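*Asks:* Got a structure here, written out as structure tokens. Questions coming.
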2 protein chains.
Amino acid sequence: MGNQLGDTSVNFKNENFWYFSRMINIVLFGTGNLATHLFKALSKSSIFQIIQVYNHQQKSLDKFSQLTHITTQLNEIKEAEIYLLALKDEVIAEIAEKIPSTNALVVHTSGGTELEILKKFPHRGIFYPLQTFSKNKEVDFAKVPICLETNLSEDMEILKKFAGEFSKEIFILDSNQRKAVHAAAVFVSNFVNLMYTEGAEICTRNNIPFEILQPLIEETSNKIKVLSPLEAQTGPALRNDQRVIENHLKLLNENQQQVYKLLTASIQNYHGKKL
Amino acid sequence: MGNQLGDTSVNFKNENFWYFSRMINIVLFGTGNLATHLFKALSKSSIFQIIQVYNHQQKSLDKFSQLTHITTQLNEIKEAEIYLLALKDEVIAEIAEKIPSTNALVVHTSGGTELEILKKFPHRGIFYPLQTFSKNKEVDFAKVPICLETNLSEDMEILKKFAGEFSKEIFILDSNQRKAVHAAAVFVSNFVNLMYTEGAEICTRNNIPFEILQPLIEETSNKIKVLSPLEAQTGPALRNDQRVIENHLKLLNENQQQVYKLLTASIQNYHGKKL
């Protein structure tokens, strides 16, 4: 790890623990939901401190201006031990290109982006919190699994320690595993939310309050804490109840019919029944 | 209501409340998950009492034998005010056919089955608890929405009172609304559980513990308590991030690819983006 901490660091290793004689300095890139969450959590750390926040828009930096240094200029980035790129996927490459060469550990937070996008930096890593972040909805970060990857195994320890400031759920995944978990997350979160959207659309169209579905939604997600999803499956697809399936299809719109048919076939595929 | 309570009833109505001079008698048909839940909940009632449980198998009745009368014979069914058919969808018609004619209010519990399946009974109704019931998973019935329907409006009051013994969430739906909510439930529960199944399959195939997805699953279901599903949508489909979408497709099996493509297109359809 020594390198990216620079010549001025006086850290030492003792029985598998790193001790730090001073705070580890972080520059935070980005001011979105995740960046703001990370900033808040780090404000309580006795080991890591954010010495600067970068964003290309001054306005987005205002909320940080009383708390740390801020900049809109990539040539004003301070030296630090960790550069944390909590940026939208589509701007990571561009910002990484413009950051001056550094021995800092440069880390992005995107589960769907290659580590090699940071290849100009000798010390690079990924810090991917596996959670869905929306405006106007707080998240308890202590329970968020954080998936870590570094190009150099020697950098993993500091990244683990850093992640430990936010959560107790730390997972070290290789590139393939991270990609897989990112794809799995699309199914269990983005696509699940689409199913909620279809449920809400059907309710609205029939003058039924969407809230009627809330206890079912909650129970469906709770069930798989004690049963595997295969054990938890219920419904007309599983029972191959053609009468109910036909009745449902009649009241769906065209796109919902397509989805209903494909997912019914998928359930029957898993459970050994044929349409 | 008077009729189905028979000549011996001495109930009276006063300022919109029914008062009962004796317990209302129920015969429960079925011994499955739902029937057992209903039996337990009614054991605390001061108004309704189960005077008999029917099942065609003696063995399934054993657990009730110390608590009430039991029978495997439909010609031994006792007179009662309510016959509650907590049966599998596929046997409702057959059992209804075999029950002797009665003025009791005959009620089935299936969201996917027509009220008219009970047309031989002058007083008929539906008591549909909108929840997923699995073996080995307890459900807090007090929070389960119960959807009610009767052919005669005069029977609704007793059915509402009955449903109130189980839950505070009572909804009176017409046939079309009930069918709609049943179809919506397939999306937000059965299909959501399929998404969990796919997520688990991807994890297992890549040696990742499925538990890593639990906080995301929980947050995704919690989010829509404060945001509409449309507001809560996130992910590569919403952003139309072709790079991520292509990467995901590469690591999915054939069926998962089909599902991924269709649901991605559906999300983009809702949010005004084209593949």
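Every chain in the structure tokens takes a letter, A first, then B, and so on in the order presented; its residues are numbered from 1, and the ligands are numbered from 1 following the presented order.
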Excluding same-chain residues fewer than 2 positions from Gly30 of chain A, what lies within 6 Å of it counting only C-alpha atoms, as a list in words?
*Replies:*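 Close residues of Gly30 of chain A: Gly32, Ala35, Asn55, Ala86 and Leu87 of chain A.
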*Asks:* Got a sec to tell me which of segment 104-173 of chain A DSSP assigns to helix (DSSP H, G or I), as a JSON list (two decimals) with N, CA, C and O atoms, in the first residue's frame?
*Replies:*
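Ended up saving to states_4.json:
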```
[["chain", "number", "residue", "atom", "x", "y", "z"],
["A", 115, "LEU", "N", -12.94, -2.17, -14.22],
["A", 115, "LEU", "CA", -11.82, -1.57, -13.48],
["A", 115, "LEU", "C", -10.85, -0.89, -14.45],
["A", 115, "LEU", "O", -10.25, 0.14, -14.15],
["A", 116, "GLU", "N", -10.72, -1.47, -15.65],
["A", 116, "GLU", "CA", -9.69, -0.99, -16.58],
["A", 116, "GLU", "C", -9.99, 0.39, -17.15],
["A", 116, "GLU", "O", -9.13, 0.99, -17.80],
["A", 117, "ILE", "N", -11.17, 0.92, -16.89],
["A", 117, "ILE", "CA", -11.44, 2.30, -17.29],
["A", 117, "ILE", "C", -10.50, 3.26, -16.56],
["A", 117, "ILE", "O", -10.30, 4.39, -16.99],
["A", 118, "LEU", "N", -9.93, 2.76, -15.45],
["A", 118, "LEU", "CA", -9.00, 3.57, -14.66],
["A", 118, "LEU", "C", -7.55, 3.18, -14.91],
["A", 118, "LEU", "O", -6.67, 3.41, -14.08],
["A", 141, "PHE", "N", -26.99, 3.06, 5.25],
["A", 141, "PHE", "CA", -25.79, 2.58, 4.60],
["A", 141, "PHE", "C", -25.12, 1.43, 5.35],
["A", 141, "PHE", "O", -24.43, 0.61, 4.74],
["A", 142, "ALA", "N", -25.36, 1.34, 6.65],
["A", 142, "ALA", "CA", -24.68, 0.31, 7.44],
["A", 142, "ALA", "C", -25.04, -1.10, 6.97],
["A", 142, "ALA", "O", -24.29, -2.04, 7.19],
["A", 143, "LYS", "N", -26.20, -1.22, 6.29],
["A", 143, "LYS", "CA", -26.63, -2.55, 5.83],
["A", 143, "LYS", "C", -26.38, -2.77, 4.34],
["A", 143, "LYS", "O", -26.77, -3.79, 3.79],
["A", 153, "SER", "N", -3.30, -6.52, -5.12],
["A", 153, "SER", "CA", -3.85, -7.09, -3.89],
["A", 153, "SER", "C", -3.43, -6.26, -2.68],
["A", 153, "SER", "O", -4.14, -6.20, -1.68],
["A", 154, "GLU", "N", -2.26, -5.62, -2.79],
["A", 154, "GLU", "CA", -1.78, -4.82, -1.66],
["A", 154, "GLU", "C", -2.70, -3.63, -1.34],
["A", 154, "GLU", "O", -2.65, -3.08, -0.25],
["A", 155, "ASP", "N", -3.50, -3.22, -2.30],
["A", 155, "ASP", "CA", -4.40, -2.08, -2.06],
["A", 155, "ASP", "C", -5.73, -2.49, -1.41],
["A", 155, "ASP", "O", -6.49, -1.64, -0.98],
["A", 156, "MET", "N", -5.97, -3.80, -1.38],
["A", 156, "MET", "CA", -7.27, -4.25, -0.88],
["A", 156, "MET", "C", -7.47, -3.91, 0.59],
["A", 156, "MET", "O", -8.57, -3.57, 1.03],
["A", 157, "GLU", "N", -6.35, -3.96, 1.36],
["A", 157, "GLU", "CA", -6.53, -3.75, 2.79],
["A", 157, "GLU", "C", -7.05, -2.35, 3.11],
["A", 157, "GLU", "O", -7.96, -2.18, 3.93],
["A", 158, "ILE", "N", -6.47, -1.35, 2.46],
["A", 158, "ILE", "CA", -6.93, 0.01, 2.73],
["A", 158, "ILE", "C", -8.36, 0.21, 2.22],
["A", 158, "ILE", "O", -9.18, 0.87, 2.87],
["A", 159, "LEU", "N", -8.68, -0.46, 1.09],
["A", 159, "LEU", "CA", -10.03, -0.30, 0.55],
["A", 159, "LEU", "C", -11.06, -0.99, 1.48],
["A", 159, "LEU", "O", -12.16, -0.46, 1.69],
["A", 160, "LYS", "N", -10.66, -2.14, 2.05],
["A", 160, "LYS", "CA", -11.53, -2.80, 3.02],
["A", 160, "LYS", "C", -11.75, -1.93, 4.25],
["A", 160, "LYS", "O", -12.86, -1.82, 4.76],
["A", 161, "LYS", "N", -10.65, -1.34, 4.72],
["A", 161, "LYS", "CA", -10.77, -0.47, 5.91],
["A", 161, "LYS", "C", -11.68, 0.72, 5.60],
["A", 161, "LYS", "O", -12.53, 1.10, 6.41],
["A", 162, "PHE", "N", -11.50, 1.26, 4.40],
["A", 162, "PHE", "CA", -12.33, 2.39, 3.97],
["A", 162, "PHE", "C", -13.80, 1.98, 3.90],
["A", 162, "PHE", "O", -14.68, 2.65, 4.46],
["A", 163, "ALA", "N", -14.07, 0.87, 3.26],
["A", 163, "ALA", "CA", -15.45, 0.39, 3.14],
["A", 163, "ALA", "C", -16.06, 0.11, 4.51],
["A", 163, "ALA", "O", -17.26, 0.32, 4.73],
["A", 164, "GLY", "N", -15.21, -0.34, 5.44],
["A", 164, "GLY", "CA", -15.66, -0.63, 6.79],
["A", 164, "GLY", "C", -16.20, 0.60, 7.53],
["A", 164, "GLY", "O", -16.92, 0.48, 8.52]]
```
*Asks:* Pull out every residue of chain B that has at least one atom within 7 Å of chain A, counting only C-alpha atoms, and report them as a count of residues only.
*Replies:* 51
*Asks:* How many Å lie between atom CA of Ile95 of chain B and atom CA of Phe121 of chain B, rounded to one decimal?
*Replies:* 12.5 Å
*Asks:* Under the rule that only C-alpha atoms are counted, which of A:Ser101, A:Ser175, A:Asn151, A:Asn240 is the nearest residue to Ile77 of chain A?
*Replies:*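 Looking at the shortest contact to Ile77 of chain A, the residue is A:Ser101.
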*Asks:* Any idea what's packed within 9 Å of Thr150 of chain A, counting only C-alpha atoms, ignoring anything in its chain fewer than 6 positions away? Could you give it as a PyMOL selection string?
*Replies:* chain A and resi 107+115+123-127+156+159+174
